[in-house]
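S.K.: Data: start.txt, compact mmCIF, C-alpha atoms and all ligand atoms.
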```txt
# COMPACT_ATOMS: atom_id res chain seq x y z
CA MET F 274 115.26 84.28 95.64
CA SER F 275 113.57 84.68 92.28
CA GLU F 276 110.72 82.17 92.47
CA ILE F 277 107.34 83.46 93.60
CA MET F 278 105.00 81.32 95.69
CA THR F 279 101.43 81.24 94.35
CA MET F 280 98.54 79.06 95.58
CA ARG F 281 99.43 76.49 92.93
CA GLY F 282 103.13 76.48 93.77
CA PRO F 283 106.21 78.45 92.73
CA ILE F 284 106.34 80.38 89.45
CA ALA F 285 109.06 82.39 87.75
CA ALA F 286 108.99 86.18 88.04
CA ASP F 287 108.32 86.71 84.32
CA GLN F 288 105.02 84.80 84.68
CA LEU F 289 103.51 87.48 86.95
CA GLY F 290 102.41 89.88 84.19
CA VAL F 291 99.92 92.61 85.13
CA THR F 292 99.79 92.37 88.93
CA ASP F 293 97.29 93.78 91.42
CA TYR F 294 99.39 93.96 94.58
CA HIS F 295 96.50 94.23 97.08
CA GLU F 296 93.04 92.67 96.91
CA HIS F 297 90.64 90.46 98.83
CA LEU F 298 88.87 87.62 97.06
CA TYR F 299 87.09 85.87 99.91
CA VAL F 300 86.60 87.21 103.46
CA GLU F 301 84.71 85.85 106.46
CA PRO F 302 85.18 88.50 109.17
CA ALA F 303 84.80 87.62 112.86
CA GLY F 304 81.26 87.90 114.26
CA TRP F 305 81.92 91.10 116.23
CA LEU F 306 83.42 92.84 113.20
CA HIS F 307 80.61 91.68 110.95
CA LYS F 308 78.09 93.18 113.38
CA LEU F 309 79.94 96.53 113.37
CA ASP F 310 80.47 96.59 109.61
CA PRO F 311 78.63 94.00 107.51
CA ASP F 312 80.25 95.46 104.37
CA PHE F 313 83.40 93.31 104.77
CA ALA F 314 81.87 89.90 104.05
CA LEU F 315 82.99 88.67 100.63
CA ASN F 316 81.62 85.19 101.19
CA SER F 317 80.25 83.96 97.90
CA VAL F 318 82.65 81.82 95.87
CA THR F 319 80.48 82.34 92.78
CA LYS F 320 80.47 86.14 93.02
CA SER F 321 84.21 86.22 93.76
CA GLY F 322 84.82 84.05 90.72
CA GLU F 323 82.72 86.40 88.58
CA GLU F 324 84.72 89.41 89.76
CA LEU F 325 88.08 87.67 89.34
CA ARG F 326 87.08 86.75 85.78
CA ARG F 327 86.48 90.45 85.10
CA PHE F 328 90.04 91.15 86.32
CA SER F 329 91.34 88.46 83.98
CA GLN F 330 89.37 89.83 81.02
CA ALA F 331 90.89 93.26 81.69
CA GLY F 332 94.37 91.75 81.24
CA GLY F 333 95.16 90.97 84.87
CA ARG F 334 97.47 88.00 85.33
CA THR F 335 98.32 87.99 89.05
CA ILE F 336 96.36 89.02 92.11
CA CYS F 337 97.66 89.28 95.67
CA GLU F 338 95.05 88.12 98.19
CA LEU F 339 95.91 90.12 101.31
CA THR F 340 93.35 88.60 103.70
CA ALA F 341 95.31 87.60 106.81
CA VAL F 342 94.01 85.16 109.42
CA ASP F 343 92.67 87.94 111.72
CA PHE F 344 90.58 89.47 108.93
CA GLY F 345 88.82 86.18 108.16
CA ARG F 346 90.97 84.18 105.75
CA ASN F 347 89.33 80.94 104.53
CA ILE F 348 91.96 79.20 102.46
CA ASN F 349 89.71 76.48 101.05
CA ASN F 350 87.26 79.03 99.69
CA ILE F 351 90.01 81.31 98.34
CA LYS F 352 91.29 78.23 96.54
CA ALA F 353 87.80 77.48 95.22
CA VAL F 354 87.65 81.02 93.81
CA ALA F 355 91.12 80.74 92.28
CA ASP F 356 90.18 77.40 90.69
CA LEU F 357 87.28 79.12 88.85
CA VAL F 358 89.76 81.38 87.01
CA PRO F 359 92.87 79.22 86.59
CA GLU F 360 94.62 81.63 84.20
CA VAL F 361 95.14 84.13 87.07
CA ASN F 362 97.96 83.54 89.58
CA VAL F 363 96.77 84.07 93.16
CA ILE F 364 99.29 84.79 95.93
CA VAL F 365 97.99 84.44 99.49
CA THR F 366 99.07 85.89 102.80
CA ALA F 367 100.64 84.83 106.08
CA GLY F 368 101.08 87.04 109.14
CA TYR F 369 98.50 89.40 110.61
CA ASN F 370 96.52 92.40 109.40
CA ARG F 371 96.32 94.85 112.32
CA PRO F 372 95.80 95.01 116.10
CA TYR F 373 92.19 96.23 115.73
CA TYR F 374 91.08 93.08 113.90
CA MET F 375 92.93 90.83 116.33
CA GLY F 376 91.03 92.14 119.37
CA HIS F 377 92.02 90.36 122.62
CA TRP F 378 93.85 87.66 120.71
CA ILE F 379 96.88 89.90 120.15
CA SER F 380 97.57 90.05 123.89
CA SER F 381 96.91 86.38 124.65
CA VAL F 382 99.10 84.85 121.94
CA SER F 383 102.89 84.85 122.35
CA GLU F 384 105.19 86.39 119.79
CA ALA F 385 106.98 83.05 119.41
CA ASP F 386 103.71 81.26 118.55
CA MET F 387 102.79 83.96 116.05
CA ILE F 388 106.16 83.59 114.33
CA ARG F 389 105.83 79.79 114.29
CA ASP F 390 102.34 79.96 112.72
CA THR F 391 103.40 82.57 110.16
CA VAL F 392 106.43 80.52 109.08
CA ARG F 393 104.27 77.38 108.90
CA ASP F 394 101.83 79.15 106.55
CA LEU F 395 104.78 80.11 104.32
CA THR F 396 106.68 76.83 104.31
CA VAL F 397 104.27 73.96 105.09
CA GLY F 398 100.77 75.17 104.24
CA ILE F 399 97.78 77.09 105.59
CA ASP F 400 95.18 75.47 107.87
CA GLY F 401 96.18 71.91 107.14
CA THR F 402 96.26 72.35 103.36
CA ASP F 403 99.36 72.31 101.17
CA VAL F 404 98.62 75.86 99.98
CA LYS F 405 101.57 78.05 100.94
CA ALA F 406 101.48 81.80 101.48
CA GLY F 407 103.77 83.96 99.32
CA ILE F 408 103.40 87.23 101.25
CA ILE F 409 103.97 88.22 104.89
CA LYS F 410 101.60 90.85 106.29
CA CYS F 411 101.63 93.13 109.33
CA GLY F 412 99.91 96.41 110.12
CA THR F 413 99.42 99.27 112.52
CA GLU F 414 96.70 101.69 113.64
CA TYR F 415 95.92 105.29 112.71
CA ASN F 416 98.73 107.66 113.73
CA ASN F 417 99.70 105.15 116.38
CA PHE F 418 102.77 102.90 116.44
CA ASN F 419 101.98 101.23 119.75
CA GLU F 420 103.39 97.99 121.22
CA LYS F 421 100.68 95.86 119.63
CA GLY F 422 101.45 97.15 116.17
CA GLN F 423 105.16 96.78 116.79
CA LYS F 424 104.55 93.16 117.82
CA LEU F 425 102.97 92.42 114.42
CA VAL F 426 105.85 94.15 112.64
CA ARG F 427 108.42 92.12 114.62
CA VAL F 428 106.59 88.88 113.81
CA ALA F 429 106.66 89.73 110.10
CA ALA F 430 110.37 90.56 110.26
CA ALA F 431 111.17 87.27 111.99
CA ALA F 432 109.18 85.33 109.38
CA TYR F 433 111.05 87.21 106.65
CA ARG F 434 114.42 86.31 108.14
CA GLU F 435 113.41 82.64 108.09
CA THR F 436 111.75 82.48 104.68
CA GLY F 437 112.82 85.48 102.57
CA ARG F 438 109.23 86.06 101.40
CA PRO F 439 108.22 89.69 100.72
CA VAL F 440 106.46 91.82 103.34
CA ILE F 441 103.35 93.86 102.47
CA THR F 442 102.08 95.95 105.36
CA HIS F 443 98.74 97.56 106.15
CA THR F 444 98.92 101.25 107.04
CA THR F 445 95.78 102.78 108.48
CA ALA F 446 94.89 105.74 106.26
CA GLY F 447 98.49 105.91 105.03
CA THR F 448 100.00 106.68 108.44
CA MET F 449 102.99 105.13 110.29
CA GLY F 450 104.54 103.76 107.10
CA TYR F 451 107.89 105.36 107.84
CA GLN F 452 107.86 103.96 111.38
CA GLN F 453 106.95 100.49 110.10
CA SER F 454 109.82 100.68 107.60
CA GLU F 455 112.35 101.75 110.25
CA LEU F 456 111.48 98.82 112.52
CA LEU F 457 111.38 96.29 109.66
CA LEU F 458 114.80 97.49 108.46
CA GLU F 459 116.20 97.39 111.99
CA LYS F 460 114.95 93.80 112.33
CA GLY F 461 116.72 92.67 109.17
CA VAL F 462 114.15 93.03 106.39
CA ASP F 463 115.67 94.32 103.16
CA ALA F 464 114.12 97.60 101.98
CA HIS F 465 113.35 96.26 98.50
CA ARG F 466 111.26 93.43 100.04
CA ILE F 467 108.88 95.86 101.82
CA THR F 468 105.68 97.41 100.41
CA LEU F 469 103.49 99.76 102.45
CA SER F 470 99.81 99.51 101.48
CA HIS F 471 97.26 102.31 101.31
CA MET F 472 99.83 105.11 101.14
CA ASP F 473 97.55 107.04 98.76
CA ARG F 474 95.05 107.44 101.59
CA ASN F 475 97.46 110.17 102.68
CA LEU F 476 98.39 112.05 99.50
CA ASP F 477 101.51 113.55 101.02
CA PHE F 478 104.39 113.90 98.55
CA HIS F 479 106.89 114.52 101.37
CA GLU F 480 105.95 111.33 103.24
CA HIS F 481 105.97 109.19 100.09
CA LEU F 482 109.35 110.51 99.05
CA ARG F 483 111.02 109.93 102.41
CA VAL F 484 109.77 106.33 102.46
CA THR F 485 110.80 105.53 98.89
CA LYS F 486 114.21 107.06 99.61
CA LEU F 487 114.70 104.22 102.11
CA GLY F 488 114.27 101.88 99.14
CA VAL F 489 110.82 100.75 100.32
CA TYR F 490 107.86 100.38 97.93
CA ILE F 491 104.61 102.28 98.41
CA GLY F 492 101.21 101.00 97.34
CA PHE F 493 98.49 103.02 95.63
CA ASP F 494 95.16 101.24 96.02
CA SER F 495 92.36 103.78 96.50
CA PHE F 496 91.41 104.20 92.84
CA GLY F 497 87.71 104.81 92.31
CA LYS F 498 87.06 105.51 95.99
CA ALA F 499 85.96 109.13 95.84
CA LYS F 500 85.34 109.11 99.60
CA TYR F 501 89.15 108.98 99.96
CA GLY F 502 89.77 111.96 97.69
CA PRO F 503 89.45 112.76 94.00
CA GLU F 504 91.17 110.68 91.32
CA THR F 505 92.83 113.84 90.02
CA ASP F 506 94.81 114.20 93.24
CA ARG F 507 95.91 110.55 93.21
CA LEU F 508 97.04 110.73 89.58
CA ASN F 509 98.76 114.09 90.09
CA LEU F 510 100.75 112.65 92.96
CA LEU F 511 101.69 109.60 90.90
CA ARG F 512 102.94 111.99 88.20
CA LYS F 513 104.93 113.98 90.73
CA LEU F 514 106.50 110.86 92.28
CA ILE F 515 107.48 109.48 88.87
CA ASP F 516 108.99 112.85 87.91
CA ALA F 517 110.92 112.86 91.19
CA GLY F 518 112.48 109.48 90.32
CA ALA F 519 110.40 107.38 92.71
CA GLY F 520 108.35 105.67 89.98
CA ASN F 521 110.23 102.39 90.35
CA ARG F 522 109.09 102.12 93.97
CA ILE F 523 105.31 102.20 93.41
CA LEU F 524 102.93 99.25 93.21
CA ILE F 525 99.28 99.55 92.17
CA GLY F 526 96.19 97.62 93.17
CA ASN F 527 92.66 98.48 94.24
CA ASP F 528 91.98 96.84 97.64
CA LEU F 529 88.30 96.36 96.84
CA GLY F 530 87.65 94.34 99.99
CA ARG F 531 83.97 95.18 100.33
CA PRO F 532 80.89 93.80 98.55
CA SER F 533 79.82 97.39 97.90
CA TYR F 534 82.95 97.80 95.73
CA TRP F 535 82.09 94.84 93.48
CA ASN F 536 79.92 94.72 90.37
CA ALA F 537 79.05 91.12 91.30
CA TYR F 538 77.19 92.48 94.35
CA GLY F 539 75.63 95.38 92.45
CA GLY F 540 78.31 97.84 93.59
CA GLY F 541 81.42 99.42 92.08
CA PRO F 542 83.98 100.21 90.78
CA GLY F 543 84.75 96.47 90.35
CA LEU F 544 87.93 94.46 90.00
CA ASP F 545 88.51 95.53 86.39
CA PHE F 546 88.29 99.29 87.03
CA LEU F 547 91.99 100.03 87.57
CA TRP F 548 93.06 97.99 84.54
CA THR F 549 90.50 99.53 82.17
CA GLU F 550 89.21 102.97 83.15
CA ILE F 551 92.14 104.21 85.23
CA LYS F 552 94.61 102.88 82.68
CA SER F 553 92.88 104.77 79.82
CA ARG F 554 92.59 107.89 81.90
CA MET F 555 96.28 107.81 82.75
CA LEU F 556 97.31 107.27 79.13
CA GLU F 557 95.01 110.13 78.05
CA ASN F 558 96.55 112.35 80.71
CA GLY F 559 100.19 112.14 79.74
CA PHE F 560 101.37 108.92 81.36
CA THR F 561 103.31 106.89 78.82
CA GLU F 562 102.78 103.22 78.02
CA THR F 563 106.25 102.59 79.49
CA GLU F 564 105.25 104.26 82.75
CA TRP F 565 102.03 102.22 82.92
CA ASN F 566 103.98 99.00 82.32
CA MET F 567 106.44 100.00 85.03
CA LEU F 568 103.62 100.31 87.57
CA ALA F 569 101.54 97.34 86.43
CA ILE F 570 104.21 94.81 85.43
CA ASP F 571 107.87 95.75 86.02
CA ASN F 572 107.67 96.99 89.61
CA PRO F 573 105.71 94.01 90.98
CA ARG F 574 108.02 91.62 89.10
CA ARG F 575 111.07 93.30 90.64
CA PHE F 576 109.51 93.39 94.10
CA PHE F 577 108.38 89.76 94.15
CA ALA F 578 111.59 88.48 92.56
CA GLY F 579 113.63 90.34 95.15
CA GLU F 580 115.66 92.29 92.60
CA VAL F 581 117.38 95.26 94.22
ZN ZN O 601 93.24 95.23 102.12
```
Since I need it in another form, could you write the structure as structure tokens?
Ligand SMILES: [Zn+2]
M.R.:
Amino acid sequence: MSEIMTMRGPIAADQLGVTDYHEHLYVEPAGWLHKLDPDFALNSVTKSGEELRRFSQAGGRTICELTAVDFGRNINNIKAVADLVPEVNVIVTAGYNRPYYMGHWISSVSEADMIRDTVRDLTVGIDGTDVKAGIIKCGTEYNNFNEKGQKLVRVAAAAYRETGRPVITHTTAGTMGYQQSELLLEKGVDAHRITLSHMDRNLDFHEHLRVTKLGVYIGFDSFGKAKYGPETDRLNLLRKLIDAGAGNRILIGNDLGRPSYWNAYGGGPGLDFLWTEIKSRMLENGFTETEWNMLAIDNPRRFFAGEV
């Protein structure tokens, strides 16, 4: 399969351009989660549009909206945001984020129903609209690959077998990515259709190398979040991975799924940060233009097109 499903329908792989593989444009978290952490609510279409425009002005052409149903996906409002910046392709998500966000729901809903709903989002449309998802999500908890997490991984694998759409997982703090990959592969997902998010939360060269050696992609998306470690360490590890031959298995994004991360809400670093400041810093620090294009353009094109 070489066509890529965006909110506005299928596009060819060469139309992706500079691609942010993991973001959130509009999020309405469940009441209980909002009470625990109010810094997840990205619920202003205007502010989201402002931030997405900044991404576009920084050269961004495609953004992957990784908000799954259990994290508070509102497809009509994501569409309203996307319509404000029509020059950016937006790809939205089917499947589930992680057991923690699902709460009791994960135990009460059957695996068969979850697969049915995920496939419907990919092939018919989300929540009664004709907007189809182009990504399948699943995720697991911190250092824990329990039955609930495995259930989400199995659902994603089943949806992949039916639709062939790529799988982008959530790892909690960069853990359990290898275990996710093993189960996805066992259940028939092709390695080159899997990306593990947030792997740079755990800056472990050994772990990254053993996952990429399976043929699976790893996602770097903690840029500008000093609380998760200094930029120097992230960029040094990127350098080391590229030098070790794993550069063609890395996707980049910024996962700025909090109002405090957005300029539009008075926070930072903002949706343009990776494509402006980090890009310049990398080029000043020995990364070549070819390497930058590999991470920003070639790898996502290959991943979404399903090229081996
Ligand atoms: Zn995310």
S.K.: Residues at most 7 Å from Ser470 (chain F), counting all atoms listed in the file, excluding those fewer than 3 positions away in the same chain, as a PyMOL selection string?
M.R.: chain F and resi 441-444+491-493
S.K.: Would you mind listing the residues within 7 Å of ligand ZN 601 (chain O), counting only C-alpha atoms and all ligand atoms, as number ranges by chain?
M.R.: F: 295-297, 339-340, 528, 530
S.K.: Using all atoms listed in the file, which protein or nucleic acid residues come within 8 Å of region 358-364 of chain F? Drop anything in the same chain fewer than 2 positions from it, and give the result as a list in words.
M.R.: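 With the cut-off at 8 Å, the set is Met278, Thr279, Met280, Arg281, Leu289, Gly322, Leu325, Arg326, Ser329, Gly333, Arg334, Thr335, Ile336, Cys337, Glu338, Val354, Ala355, Asp356, Thr366, Ala406, Gly407 and Ile408 of chain F.
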S.K.: Record the distance separating CA of Arg393 (chain F) and CA of Val428 (chain F), expressed in Å with one decimal.
M.R.: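 Result for CA of Arg393 (chain F) versus CA of Val428 (chain F): 12.7 Å, one decimal.
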S.K.: Hey, what's within 7 Å of region 532-547 of chain F if we count all atoms listed in the file and toss same-chain stuff fewer than 2 positions away? As a PyMOL selection string, please?
M.R.: chain F and resi 312-315+320+323-325+327-328+331+496-497+527+529-530+549-552
S.K.: Which protein, DNA or RNA residues are at most 8 Å from (104.4, 82.6, 106.5) in the file's coordinates when you count only C-alpha atoms, listed as a list of chain:residue names?
M.R.: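 Checking each residue against the 8 Å limit leaves F:Thr366, F:Ala367, F:Gly368, F:Asp390, F:Thr391, F:Val392, F:Arg393, F:Asp394, F:Leu395, F:Thr396, F:Lys405, F:Ala406, F:Gly407, F:Ile408, F:Ile409, F:Ala432, F:Thr436, F:Arg438.
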S.K.: Rounded to one decimal in Å, what is the spacing between CA of Ile515 (chain F) and CA of Gly412 (chain F)?
M.R.: 26.1 Å
S.K.: Draw an axis-aligned box tight on the listed atoms of region 475-488 of chain F, then pad every side by 5 Å and write out centre and edge lengths in Å to one decimal as JSON.
M.R.:
```
{"center_x": 106.1, "center_y": 108.2, "center_z": 100.9, "size_x": 27.2, "size_y": 22.6, "size_z": 14.7}
```
S.K.: Identify which of the residues F:Ala431, F:Ala303, F:Val291, F:Val581 lies closest to Leu524 (chain F), counting only C-alpha atoms when measuring atom-to-atom distances.
M.R.: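 That would be F:Val291, the residue with the smallest distance to Leu524 (chain F).
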S.K.: For a quick check of understanding, using all atoms listed in the file, which of F:Lys500, F:His479, F:Arg522, F:Lys513 has the smallest distance to Ile467 (chain F)?
M.R.: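 Closest residue, counting all atoms listed in the file: F:Arg522.
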S.K.: Mind running region 481-536 of chain F against region 445-451 of chain F at 9 Å and telling me each contacting residue's nearest atom pair with the distance in Å (one decimal), counting only C-alpha atoms, chain and number ascending, as a Markdown table?
M.R.:
```
| residue | atom | partner | partner_atom | distance |
| --- | --- | --- | --- | --- |
| F:His481 | CA | F:Tyr451 | CA | 8.9 |
| F:Arg483 | CA | F:Tyr451 | CA | 7.8 |
| F:Val484 | CA | F:Tyr451 | CA | 5.8 |
| F:Leu487 | CA | F:Tyr451 | CA | 9.0 |
| F:Ile491 | CA | F:Gly450 | CA | 8.8 |
```
S.K.: Would you kindly return, as a list in words, each protein, DNA or RNA residue with an atom no farther than 9 Å from any atom of Pro372 (chain F), considering only C-alpha atoms and excluding same-chain residues fewer than 6 positions away?
M.R.: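 Within the cut-off, the hits are Asp343, Trp378, Ile379, Gly412, Thr413, Glu414, Lys421, Gly422 and Leu425 of chain F.
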S.K.: Check the smallest atom-to-atom distance from each of F:Ile399, F:Ala385, F:Met567, F:Met375 to Asn349 (chain F) using only C-alpha atoms, then report the winner.
M.R.: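 Of all the options, F:Ile399 lies closest to Asn349 (chain F).
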S.K.: Using only C-alpha atoms, find the one residue out of F:Arg512, F:Arg531, F:Arg575, F:Lys460 that sits nearest to His307 (chain F).
M.R.: F:Arg531
S.K.: May I ask for the distance between CA of Asp400 (chain F) and CA of Met387 (chain F), given in Å to one decimal place?
M.R.: 14.0 Å
